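Participant: Here you go, one structure.
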8 protein chains.
Amino acid sequence: MIEIQARLDLQRRQRLGMVEAVWGEHKTSAQIVEILKSLQAVSELALVTRVSAEKAKELQSVFEGVEFHPQARCLTLGRTADLIPSLGEVVVLSGGTSDMNVAAEAELALRCHGIKTELLIDVGVSGLHRLLDQLERLKTAKVLIACAGMEGALPTVLAGLVSQPVIGVPVSIGYGVSAGGKTALEGMLASCAPGLVVVNIDNGYGAAMAALRILKNLNSSRNKNS
Amino acid sequence: MIEIQARLDLQRRQRLGMVEAVWGEHKTSAQIVEILKSLQAVSELALVTRVSAEKAKELQSVFEGVEFHPQARCLTLGRTADLIPSLGEVVVLSGGTSDMNVAAEAELALRCHGIKTELLIDVGVSGLHRLLDQLERLKTAKVLIACAGMEGALPTVLAGLVSQPVIGVPVSIGYGVSAGGKTALEGMLASCAPGLVVVNIDNGYGAAMAALRILKNLNSSRNKNS
Amino acid sequence: MIEIQARLDLQRRQRLGMVEAVWGEHKTSAQIVEILKSLQAVSELALVTRVSAEKAKELQSVFEGVEFHPQARCLTLGRTADLIPSLGEVVVLSGGTSDMNVAAEAELALRCHGIKTELLIDVGVSGLHRLLDQLERLKTAKVLIACAGMEGALPTVLAGLVSQPVIGVPVSIGYGVSAGGKTALEGMLASCAPGLVVVNIDNGYGAAMAALRILKNLNSSRNKNS
Amino acid sequence: MIEIQARLDLQRRQRLGMVEAVWGEHKTSAQIVEILKSLQAVSELALVTRVSAEKAKELQSVFEGVEFHPQARCLTLGRTADLIPSLGEVVVLSGGTSDMNVAAEAELALRCHGIKTELLIDVGVSGLHRLLDQLERLKTAKVLIACAGMEGALPTVLAGLVSQPVIGVPVSIGYGVSAGGKTALEGMLASCAPGLVVVNIDNGYGAAMAALRILKNLNSSRNKNS
Amino acid sequence: MIEIQARLDLQRRQRLGMVEAVWGEHKTSAQIVEILKSLQAVSELALVTRVSAEKAKELQSVFEGVEFHPQARCLTLGRTADLIPSLGEVVVLSGGTSDMNVAAEAELALRCHGIKTELLIDVGVSGLHRLLDQLERLKTAKVLIACAGMEGALPTVLAGLVSQPVIGVPVSIGYGVSAGGKTALEGMLASCAPGLVVVNIDNGYGAAMAALRILKNLNSSRNKNS
Amino acid sequence: MIEIQARLDLQRRQRLGMVEAVWGEHKTSAQIVEILKSLQAVSELALVTRVSAEKAKELQSVFEGVEFHPQARCLTLGRTADLIPSLGEVVVLSGGTSDMNVAAEAELALRCHGIKTELLIDVGVSGLHRLLDQLERLKTAKVLIACAGMEGALPTVLAGLVSQPVIGVPVSIGYGVSAGGKTALEGMLASCAPGLVVVNIDNGYGAAMAALRILKNLNSSRNKNS
Amino acid sequence: MIEIQARLDLQRRQRLGMVEAVWGEHKTSAQIVEILKSLQAVSELALVTRVSAEKAKELQSVFEGVEFHPQARCLTLGRTADLIPSLGEVVVLSGGTSDMNVAAEAELALRCHGIKTELLIDVGVSGLHRLLDQLERLKTAKVLIACAGMEGALPTVLAGLVSQPVIGVPVSIGYGVSAGGKTALEGMLASCAPGLVVVNIDNGYGAAMAALRILKNLNSSRNKNS
Amino acid sequence: MIEIQARLDLQRRQRLGMVEAVWGEHKTSAQIVEILKSLQAVSELALVTRVSAEKAKELQSVFEGVEFHPQARCLTLGRTADLIPSLGEVVVLSGGTSDMNVAAEAELALRCHGIKTELLIDVGVSGLHRLLDQLERLKTAKVLIACAGMEGALPTVLAGLVSQPVIGVPVSIGYGVSAGGKTALEGMLASCAPGLVVVNIDNGYGAAMAALRILKNLNSSRNKNS
């Protein structure tokens, strides 16, 4: 197991400016513990995604200091970054209560990197007024992350209304043709709204890291240019 | 060939109240001529869908009285029905200029049955104000047919705004994931808007016949109840 | 959680004439309770679909007055509408016993809106005489909803026999190529019967709302014209 | 090229009782000529399927005695078998004029083997009476081959009405979800009618050979048992 | 529930010569009991397919006389038909031990109709000699049913070796690309062996009914001709 | 046609800061001319994408001042924006010569909006040194757009090496499993590199607009904050 | 059951030089015991793949001498071959901890045949330096087996760096578009690296047998030629 | 264009021991000429695959010394390697005449690298004796490449008969479910024969390079060990 530890991508924070993230879904508790120990040894903040409540309880019982975030289904180990307001704010929108896990994963991942983030739930397009009512507030965010299952039309409508970067996150919520999130994904990719970008189904973490790349870039350029 | 003629579904007008329609795409000109002769012999109005300009020209040169409708890519033979205003009006919407063939097929098929119909083009959801501006006018129609390619979000947004029957027609306009219209189709089926119904990709004729079933039903019930 | 409550689409009944429906499948009991409280606060009838017997029992134990409909796998909270016979009747057909849940969901959803509805089970096309025997009775309905799994041929055969609106509901009953309902769905969309419309797999609720749009429309027009 | 000739499966007629058939679609005229020469050298009847009118003309100009069957899009070389009435008759049904090529390929392939065959066109399920009218005649056939595109419901309805072997042939006629014949294929495989068997899309030849296996078997057993 | 009973297709035995079969997979024990009672009332033999050992035990505890066949995962109620040797024999082959459930379902379904049937296991094509060793014995059967999962090549190889009817049954055994049986199914449909016919994945019952149609046909014709 | 003109989304430049773009692929020359006239009337710069050389020649012959960009397969009408160096630079990478059309479309679309852009061709991952050699130069760009067909691994490798926003554009270059670009698309979505975002297959224009949203945002924030 | 035993492919070791392997996933413990007994009777080493910990425990309790390998999820019965260093070494690489089961299955299967094998974990392409660091060591192996889930880019990058045979094994690790391993599989097949070969998803055993074919061949040729 | 030239992967021959190959299908003649000039400048042998007869003629007219291989649809420029008999021989098998292009591409690609190769056509599994007759000859080859379309069973049967490396090449020959080669591909991946490896559909070149990796490896090891 020493070998595994040796190849954790510990240069990642330095290379990409990102906290080490561990995808927990297909790992056993024992494997996760091994990885967390390695990270603790080098004093890195760790984020473990896709952890069920059962696995979380199991891990917390054998590993002190691990915090569980039930809405986001994630674990963190170590102190999250201080908020860096100068980087600007991200708003994470979702069409319905059922999409909340994915939205919460995005929110937590950004918070781990010091990004101010707000969750905006239940703004689905079948009751359009709920989204239109929030339009002015949305225009103040630096990046928008829009999570949607079923037909996934929310990011399309949103990207037609605002000029900021919009990251669509298809959610595996639905049934029949929309089960598994493929319809939402393809709907976002096929979008008639120009400049909408997309990540994998349920990939709240990935959307957060994309937002981080944008915000960090913004920041670094301001430093360089001023 | 006598045998083929013998089995044209000539009871269809009586059974379903619909004009005989011939799907022209996979038929040769010779096959279409044979069918048109049979229909002419029994004085039926005929509608031939999916006819290219080339095939139309060929047919018109050998068969007098055939009319070609280039926008709808259809042929008609015989006098179309008189307008029956009491049946109410259908509005056919489409997201963009590229969807126009399908919308025009629906419009022509309804006109053949005496239904008043209006085409409303370029009301796609990436510039939402164009649709919202037409909302009051849309509420006066008895049935709405919404044609859309790419992500196909138009019928979803529409069915969240109005209470009438909305029939979604996915259009095989797009590229990459939306090529062939499957993404638009699945987006409409997966719609979060309640009570949206869908027909096959590019099936403007089918949407028209569904609208006809609704309007005729309405009419018949008024007769019965008054 | 106050935020969630705030954005329930409470204008929906007024805008679309439909009872608020909650899709229960991907929601926890706690989330459903929260939503039901909000609806109760504004005295709205609520319909929760896709609820397992286990989840129903759990909810009933913490929330008084919730009624469970096991065949339809739905919960209701509040008094359903009185029957409005003038709107006409809907017949819901299904090919076999296995399709009954979906048919029952459609029936309950219509009943919640005061629509008279009858269920007609076991009229699959492999024993055609069972359907043909019911033909005269079917012609008295204003709208027909046909639920079918496997090859999904029932709505096609039906729409070739009657002139009323027929709404096909593919059912996720089957195995091999028909598992999940995709074959039934595509068979209905590809139907050679003119004017058949389709909703998502297992979407009994959606078919009911489509029927409601048709019947309400009919009603409203009668009021306007008389 | 000598090598190619050497491995033609000339034992096939003896092993399987079938004429050598060449699938012409992906072969050049030169390749087909080479194969026909080999077969002529051993005095075998040859059947070449999937040949366009253009390729047929080209082949006929360089190879004497080749006959083209335009409806079936096939070539034959050599004398077809005499009719063997004692083997019984096959009826080939098709839903519409557009399916005729496939039905005609099946008919020709059976004729090459001396099987009496009748074509019955335009008996699609959207006008059910046309099929029901032929029911008594259909019951006199030994095997039924049912070709259908779009939703492909014809073999399902047929196999629910008669007790003979029914072979479904999906046809690549359709558009949208039915383009390419996959929907018809899956509809036939998913059929609720017991004992329906299926061959590949457009495989009229294969259906004919399946019918031949059945009829030959029947014959051989009668010989053995009498 | 009286209504359900009323529409059991009790004319089926007379129309198609087949025992009533109930697909048990998506039915509750209560629903199956209800159906069995109806059949018992009219003294029909019943075959219930796709029944788990658990459900079988449950049913046997409440309904006397039900027999469970664990290998075939089927229930029967009532006396199976006497063997009718004059109809000839069917051999059911399978590639491996894992395919045995499907093969056993076919065998049982044939036995219910009085057909002599033999199971031949472990004749997969990766060790070809095992199949070639059985060739002479296979040639004595009237119909061959070949069950195969993974790449599904067994029926193709078999149909190239023998002249009788061969019915391929794809089996949902496999992993990766072969999980669910789609690869086996498509391999059988795409087969280069002429006249191979195919049924749905895991449909042992359907293959048996296809064999029955062939054998009954054979029998009826011998009666007619002698 | 007046109606069509009326609904061009002329508020788009103001709302989203983007030039009006017309998707030329599914439009006839006549339709494109009509749209260009409308845009010329309001003095808007127009970009028409997906135009074949033939259609371009046809359009140029009837409409003066239209410029064709053969590599990007696009037309422009009107003066493109002046370069705005302060917005920073975008580098567009592609794996091979075959991907160049898509990369050139992205480059042109950015140039139309005044963004400095460089094309970097032939940096595919099968000869990794070619990419690694450019690493320092890549780190000076504000946004990276990586176009790749076949397995589409380039954006994944790139996003593991640099911290800026990386937008993956799958290209419909390939054959067998990679034909049409779906494999490249799914490879990018499934990427193990954190924060990679993706647009539709061949959507060079969309990637450019996403880059524009990022750069404009950066700019606007600098204005606000300074 | 005697019959089953009779057809175990006991000539396989002689014909292909491979140990008898039993695919355990879809077999019951009873079926596996039966097979193991047959193999023990002829003193063959047996390898049973895809065995869960539960099934393994069950088998070990009834069958003495069975060894379980938890990481590889395999059972062995009998003495594995002695190491044959002259055959050369195989290195099995994997992108992450989650792929380890598949890599371990390959490693065990090779060890059963006396092949020296090393596992190299956590060399995924998102942190490229980890792979590049191992390059010299990799060049000493005779064959490389690269296991990867998600986008599956590892074998592509590897095959561009080394000249030895590289066998890609897609792993069913992932979510959204990469769930089930299809994206990794198609990415490997579509690879721009020349001469990469691929086996089925999760087929560590198959990759090992392919490596064995290569190494044995190498060995046999050396014997023949020296 | 100078830039393009600069990044040709000229280190490839040294790194991988392979001739530079250009995939010609999606490149214009002008692009191919540019690349050939660059290769000629550094005296490299070039192989251009997927070139139509038309494009070949066009290229030969502007570039002297280019040789066209019509069966393989490839161009070569420069002297191919001398035969290196010590590397051993490869046999390329194909199921039918229609697969010959792919087999010939593999043969040519090997010949360019000095590998002795033989083509063996028409050994499809529907007439098994043709393959069994060649068995002894096949056992003398070092590597076997088996090309097959339709159900693709040839490599499976072959890999069950011989112990050498077998590389399956699915061919895009077929119709219906086998059109495009996906069924053949999945059949080979799902193969029950142990150790069969697969390349992309129609990828004769890739199979040749895989064989080269094996043979070169073999050679290098013999050098090392002797």
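How things are named: the first chain in the structure tokens is A, the next is B, and so on; residues count from 1 in each chain; ligands count from 1 in the order shown.
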Per residue of chain F within 8 Å of chain H, what are the shortest atom pair and its distance in Å to one decimal, counting only C-alpha atoms, with rows by chain and residue number, as CSV?
Facilitator:
residue,atom,partner,partner_atom,distance
F:Thr97,CA,H:Lys27,CA,7.4
F:Ser98,CA,H:Lys27,CA,5.9
F:Ile121,CA,H:Ile4,CA,6.4
F:Asp122,CA,H:Arg7,CA,6.0
F:Val123,CA,H:Arg7,CA,7.4
F:Gly127,CA,H:Asp9,CA,6.4
F:Arg130,CA,H:Arg7,CA,6.8
F:Ile173,CA,H:His26,CA,7.1
F:Tyr175,CA,H:Ile201,CA,7.4
F:Gly176,CA,H:Ile201,CA,4.6
F:Val177,CA,H:Asn200,CA,6.7
Participant: Using all heavy atoms, can you write the selected residues to a file as a PDB file, in the first residue's frame?
Facilitator:
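The resulting result-v5.pdb:
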ATOM      1  N   THR F  97      -4.468  17.606 -38.581  1.00  0.00           N
ATOM      2  CA  THR F  97      -4.889  18.419 -39.711  1.00  0.00           C
ATOM      3  C   THR F  97      -6.388  18.274 -39.961  1.00  0.00           C
ATOM      4  O   THR F  97      -7.057  19.221 -40.374  1.00  0.00           O
ATOM      5  CB  THR F  97      -4.124  17.969 -40.977  1.00  0.00           C
ATOM      6  OG1 THR F  97      -2.752  17.827 -40.646  1.00  0.00           O
ATOM      7  CG2 THR F  97      -4.289  18.955 -42.112  1.00  0.00           C
ATOM      8  N   SER F  98      -6.919  17.092 -39.695  1.00  0.00           N
ATOM      9  CA  SER F  98      -8.324  16.835 -40.002  1.00  0.00           C
ATOM     10  C   SER F  98      -9.277  17.630 -39.119  1.00  0.00           C
ATOM     11  O   SER F  98     -10.436  17.807 -39.454  1.00  0.00           O
ATOM     12  CB  SER F  98      -8.632  15.333 -39.848  1.00  0.00           C
ATOM     13  OG  SER F  98      -7.728  14.563 -40.601  1.00  0.00           O
ATOM     14  N   ILE F 121      -1.714  23.573 -34.344  1.00  0.00           N
ATOM     15  CA  ILE F 121      -2.185  22.322 -34.962  1.00  0.00           C
ATOM     16  C   ILE F 121      -1.209  21.171 -34.679  1.00  0.00           C
ATOM     17  O   ILE F 121      -0.047  21.396 -34.399  1.00  0.00           O
ATOM     18  CB  ILE F 121      -2.315  22.534 -36.491  1.00  0.00           C
ATOM     19  CG1 ILE F 121      -3.217  23.722 -36.791  1.00  0.00           C
ATOM     20  CG2 ILE F 121      -2.822  21.287 -37.203  1.00  0.00           C
ATOM     21  CD1 ILE F 121      -4.651  23.547 -36.392  1.00  0.00           C
ATOM     22  N   ASP F 122      -1.689  19.943 -34.746  1.00  0.00           N
ATOM     23  CA  ASP F 122      -0.841  18.746 -34.688  1.00  0.00           C
ATOM     24  C   ASP F 122      -0.146  18.546 -33.348  1.00  0.00           C
ATOM     25  O   ASP F 122       1.049  18.241 -33.277  1.00  0.00           O
ATOM     26  CB  ASP F 122       0.219  18.787 -35.802  1.00  0.00           C
ATOM     27  CG  ASP F 122      -0.278  18.096 -37.067  1.00  0.00           C
ATOM     28  OD1 ASP F 122      -0.946  17.063 -36.956  1.00  0.00           O
ATOM     29  OD2 ASP F 122       0.003  18.597 -38.155  1.00  0.00           O
ATOM     30  N   VAL F 123      -0.906  18.705 -32.287  1.00  0.00           N
ATOM     31  CA  VAL F 123      -0.348  18.463 -30.957  1.00  0.00           C
ATOM     32  C   VAL F 123      -1.064  17.287 -30.293  1.00  0.00           C
ATOM     33  O   VAL F 123      -1.328  17.299 -29.095  1.00  0.00           O
ATOM     34  CB  VAL F 123      -0.426  19.733 -30.073  1.00  0.00           C
ATOM     35  CG1 VAL F 123       0.563  20.765 -30.557  1.00  0.00           C
ATOM     36  CG2 VAL F 123      -1.840  20.292 -30.087  1.00  0.00           C
ATOM     37  N   GLY F 127       1.813  11.528 -29.894  1.00  0.00           N
ATOM     38  CA  GLY F 127       3.219  11.954 -29.924  1.00  0.00           C
ATOM     39  C   GLY F 127       3.356  13.081 -28.921  1.00  0.00           C
ATOM     40  O   GLY F 127       3.445  14.253 -29.290  1.00  0.00           O
ATOM     41  N   ARG F 130       5.162  16.702 -28.642  1.00  0.00           N
ATOM     42  CA  ARG F 130       4.750  17.892 -29.386  1.00  0.00           C
ATOM     43  C   ARG F 130       3.924  18.832 -28.523  1.00  0.00           C
ATOM     44  O   ARG F 130       4.002  20.052 -28.634  1.00  0.00           O
ATOM     45  CB  ARG F 130       3.939  17.468 -30.620  1.00  0.00           C
ATOM     46  CG  ARG F 130       4.776  16.680 -31.615  1.00  0.00           C
ATOM     47  CD  ARG F 130       3.929  16.204 -32.772  1.00  0.00           C
ATOM     48  NE  ARG F 130       2.843  15.323 -32.319  1.00  0.00           N
ATOM     49  CZ  ARG F 130       1.970  14.744 -33.128  1.00  0.00           C
ATOM     50  NH1 ARG F 130       2.022  14.957 -34.443  1.00  0.00           N
ATOM     51  NH2 ARG F 130       1.033  13.954 -32.650  1.00  0.00           N
ATOM     52  N   ILE F 173     -14.418  13.588 -36.503  1.00  0.00           N
ATOM     53  CA  ILE F 173     -13.404  12.962 -37.332  1.00  0.00           C
ATOM     54  C   ILE F 173     -13.137  11.592 -36.732  1.00  0.00           C
ATOM     55  O   ILE F 173     -12.898  11.484 -35.528  1.00  0.00           O
ATOM     56  CB  ILE F 173     -12.109  13.816 -37.300  1.00  0.00           C
ATOM     57  CG1 ILE F 173     -12.287  15.085 -38.110  1.00  0.00           C
ATOM     58  CG2 ILE F 173     -10.904  13.025 -37.791  1.00  0.00           C
ATOM     59  CD1 ILE F 173     -12.599  14.872 -39.563  1.00  0.00           C
ATOM     60  N   TYR F 175     -13.652   7.010 -37.523  1.00  0.00           N
ATOM     61  CA  TYR F 175     -14.331   5.949 -38.264  1.00  0.00           C
ATOM     62  C   TYR F 175     -14.662   4.870 -37.247  1.00  0.00           C
ATOM     63  O   TYR F 175     -14.137   4.886 -36.127  1.00  0.00           O
ATOM     64  CB  TYR F 175     -13.440   5.404 -39.392  1.00  0.00           C
ATOM     65  CG  TYR F 175     -12.174   4.794 -38.881  1.00  0.00           C
ATOM     66  CD1 TYR F 175     -12.072   3.426 -38.639  1.00  0.00           C
ATOM     67  CD2 TYR F 175     -11.084   5.599 -38.579  1.00  0.00           C
ATOM     68  CE1 TYR F 175     -10.914   2.878 -38.118  1.00  0.00           C
ATOM     69  CE2 TYR F 175      -9.921   5.058 -38.060  1.00  0.00           C
ATOM     70  CZ  TYR F 175      -9.850   3.698 -37.835  1.00  0.00           C
ATOM     71  OH  TYR F 175      -8.707   3.170 -37.302  1.00  0.00           O
ATOM     72  N   GLY F 176     -15.490   3.935 -37.623  1.00  0.00           N
ATOM     73  CA  GLY F 176     -15.881   2.899 -36.672  1.00  0.00           C
ATOM     74  C   GLY F 176     -16.477   3.558 -35.435  1.00  0.00           C
ATOM     75  O   GLY F 176     -17.336   4.416 -35.554  1.00  0.00           O
ATOM     76  N   VAL F 177     -16.024   3.175 -34.258  1.00  0.00           N
ATOM     77  CA  VAL F 177     -16.621   3.711 -33.031  1.00  0.00           C
ATOM     78  C   VAL F 177     -16.447   5.209 -32.888  1.00  0.00           C
ATOM     79  O   VAL F 177     -17.178   5.847 -32.127  1.00  0.00           O
ATOM     80  CB  VAL F 177     -16.084   3.032 -31.755  1.00  0.00           C
ATOM     81  CG1 VAL F 177     -16.395   1.544 -31.749  1.00  0.00           C
ATOM     82  CG2 VAL F 177     -14.601   3.265 -31.575  1.00  0.00           C
TER      83      VAL F 177
END
Participant: Skip Ala146 of chain B itself and residues of its chain fewer than 3 positions away, then list as a list of chain:residue names all residues within 8 Å of it, counting only C-alpha atoms.
Facilitator: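 With the cut-off at 8 Å, the set is B:Val92, B:Leu93, B:Ser94, B:Leu154, B:Pro155, B:Val166, B:Ile167, B:Gly168, B:Val169.
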Participant: Could you dump the residues just selected with N, CA and C atoms as a compact mmCIF listing (two decimals), in the first residue's frame?
Facilitator:
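Wrote it out as part.txt, contents follow:
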# COMPACT_ATOMS: atom_id res chain seq x y z
N VAL B 92 -49.15 27.05 -35.26
CA VAL B 92 -47.96 26.20 -35.39
C VAL B 92 -46.74 27.09 -35.17
N LEU B 93 -45.96 26.82 -34.11
CA LEU B 93 -44.78 27.63 -33.79
C LEU B 93 -43.52 26.89 -34.20
N SER B 94 -42.48 27.64 -34.55
CA SER B 94 -41.20 26.95 -34.75
C SER B 94 -40.07 27.82 -34.27
N LEU B 154 -38.51 24.51 -26.74
CA LEU B 154 -39.65 25.40 -26.98
C LEU B 154 -40.98 24.85 -26.45
N PRO B 155 -41.38 23.61 -26.78
CA PRO B 155 -42.67 23.11 -26.28
C PRO B 155 -42.72 23.05 -24.75
N VAL B 166 -50.77 21.20 -26.04
CA VAL B 166 -49.54 21.53 -26.77
C VAL B 166 -48.97 20.23 -27.33
N ILE B 167 -48.77 20.21 -28.66
CA ILE B 167 -48.19 19.03 -29.32
C ILE B 167 -46.78 19.39 -29.76
N GLY B 168 -45.79 18.68 -29.23
CA GLY B 168 -44.40 18.95 -29.59
C GLY B 168 -43.99 18.13 -30.80
N VAL B 169 -43.34 18.77 -31.76
CA VAL B 169 -42.81 18.06 -32.93
C VAL B 169 -41.29 18.26 -32.98
Participant: As a PyMOL selection string, please: the residues near Ala208 of chain D (cut-off 9 Å, only C-alpha atoms, same-chain neighbours under 6 positions excluded).
Facilitator: (chain D and resi 90+105-110+145) or (chain E and resi 195)
Participant: For N, CA, C and O atoms, I'd like the residues from the last selection saved as a JSON list (two decimals), in the first residue's frame.
Facilitator:
[["chain", "number", "residue", "atom", "x", "y", "z"],
["D", 90, "VAL", "N", -46.24, -20.53, -49.31],
["D", 90, "VAL", "CA", -45.89, -19.46, -48.37],
["D", 90, "VAL", "C", -46.62, -18.20, -48.80],
["D", 90, "VAL", "O", -46.69, -17.91, -50.00],
["D", 105, "GLU", "N", -38.08, -9.80, -52.58],
["D", 105, "GLU", "CA", -36.84, -10.58, -52.43],
["D", 105, "GLU", "C", -37.15, -11.94, -51.81],
["D", 105, "GLU", "O", -36.63, -12.98, -52.24],
["D", 106, "ALA", "N", -38.02, -11.94, -50.79],
["D", 106, "ALA", "CA", -38.41, -13.21, -50.16],
["D", 106, "ALA", "C", -39.12, -14.12, -51.17],
["D", 106, "ALA", "O", -38.84, -15.32, -51.26],
["D", 107, "GLU", "N", -40.01, -13.51, -51.92],
["D", 107, "GLU", "CA", -40.80, -14.27, -52.91],
["D", 107, "GLU", "C", -39.88, -14.89, -53.96],
["D", 107, "GLU", "O", -40.01, -16.08, -54.29],
["D", 108, "LEU", "N", -38.93, -14.11, -54.48],
["D", 108, "LEU", "CA", -38.03, -14.63, -55.51],
["D", 108, "LEU", "C", -37.14, -15.75, -54.96],
["D", 108, "LEU", "O", -36.93, -16.78, -55.61],
["D", 109, "ALA", "N", -36.62, -15.55, -53.75],
["D", 109, "ALA", "CA", -35.74, -16.55, -53.15],
["D", 109, "ALA", "C", -36.47, -17.87, -52.97],
["D", 109, "ALA", "O", -35.89, -18.95, -53.19],
["D", 110, "LEU", "N", -37.74, -17.82, -52.62],
["D", 110, "LEU", "CA", -38.52, -19.05, -52.47],
["D", 110, "LEU", "C", -38.78, -19.68, -53.83],
["D", 110, "LEU", "O", -38.67, -20.90, -54.00],
["D", 145, "ILE", "N", -44.82, -15.05, -43.99],
["D", 145, "ILE", "CA", -43.71, -14.09, -43.81],
["D", 145, "ILE", "C", -44.35, -12.71, -43.82],
["D", 145, "ILE", "O", -45.00, -12.33, -44.78],
["E", 195, "GLY", "N", -31.16, -18.36, -43.05],
["E", 195, "GLY", "CA", -32.39, -18.92, -42.54],
["E", 195, "GLY", "C", -32.43, -19.14, -41.04],
["E", 195, "GLY", "O", -33.31, -19.82, -40.53]]
Participant: Find the residues near Leu36 of chain G: any atom within 10 Å, counting only C-alpha atoms, skip ones fewer than 6 places away on the same chain, and give them as an mmCIF file with N, CA, C and O atoms, in the first residue's frame.
Facilitator:
data_model
loop_
_atom_site.group_PDB
_atom_site.id
_atom_site.type_symbol
_atom_site.label_atom_id
_atom_site.label_comp_id
_atom_site.auth_asym_id
_atom_site.auth_seq_id
_atom_site.Cartn_x
_atom_site.Cartn_y
_atom_site.Cartn_z
ATOM 1 N N GLN G 5 -20.405 -32.576 -16.755
ATOM 2 C CA GLN G 5 -19.004 -32.905 -16.508
ATOM 3 C C GLN G 5 -18.337 -33.403 -17.781
ATOM 4 O O GLN G 5 -17.224 -33.032 -18.118
ATOM 5 N N VAL G 22 -13.208 -20.679 -15.120
ATOM 6 C CA VAL G 22 -14.656 -20.730 -14.971
ATOM 7 C C VAL G 22 -15.134 -19.330 -14.638
ATOM 8 O O VAL G 22 -14.629 -18.695 -13.706
ATOM 9 N N ALA G 30 -23.514 -24.086 -6.175
ATOM 10 C CA ALA G 30 -23.675 -25.508 -6.476
ATOM 11 C C ALA G 30 -23.116 -25.848 -7.858
ATOM 12 O O ALA G 30 -22.437 -26.868 -8.042
ATOM 13 N N GLU G 44 -6.690 -30.951 -12.780
ATOM 14 C CA GLU G 44 -6.432 -29.685 -13.456
ATOM 15 C C GLU G 44 -6.443 -28.534 -12.449
ATOM 16 O O GLU G 44 -7.266 -28.517 -11.538
ATOM 17 N N LEU G 45 -5.532 -27.568 -12.641
ATOM 18 C CA LEU G 45 -5.615 -26.316 -11.903
ATOM 19 C C LEU G 45 -6.860 -25.585 -12.413
ATOM 20 O O LEU G 45 -7.131 -25.578 -13.609
ATOM 21 N N ALA G 46 -7.623 -25.011 -11.499
ATOM 22 C CA ALA G 46 -8.818 -24.278 -11.920
ATOM 23 C C ALA G 46 -8.755 -22.844 -11.422
ATOM 24 O O ALA G 46 -8.284 -22.569 -10.316
ATOM 25 N N LEU G 47 -9.243 -21.913 -12.261
ATOM 26 C CA LEU G 47 -9.334 -20.500 -11.896
ATOM 27 C C LEU G 47 -10.789 -20.093 -12.073
ATOM 28 O O LEU G 47 -11.346 -20.230 -13.159
ATOM 29 N N VAL G 48 -11.404 -19.630 -10.985
ATOM 30 C CA VAL G 48 -12.791 -19.157 -11.065
ATOM 31 C C VAL G 48 -12.782 -17.646 -10.883
ATOM 32 O O VAL G 48 -12.350 -17.153 -9.838
ATOM 33 N N PHE G 63 -15.894 -26.947 0.179
ATOM 34 C CA PHE G 63 -14.921 -27.536 -0.731
ATOM 35 C C PHE G 63 -13.526 -27.199 -0.233
ATOM 36 O O PHE G 63 -13.085 -26.052 -0.285
ATOM 37 N N VAL G 66 -9.803 -24.801 -1.712
ATOM 38 C CA VAL G 66 -10.072 -23.657 -2.579
ATOM 39 C C VAL G 66 -9.480 -22.406 -1.956
ATOM 40 O O VAL G 66 -9.720 -22.116 -0.795
ATOM 41 N N THR G 76 -8.870 -20.044 -6.747
ATOM 42 C CA THR G 76 -8.058 -21.043 -7.450
ATOM 43 C C THR G 76 -8.167 -22.366 -6.706
ATOM 44 O O THR G 76 -8.345 -22.403 -5.494
ATOM 45 N N LEU G 77 -8.047 -23.416 -7.458
ATOM 46 C CA LEU G 77 -8.027 -24.754 -6.880
ATOM 47 C C LEU G 77 -6.863 -25.499 -7.513
ATOM 48 O O LEU G 77 -6.803 -25.633 -8.736
#
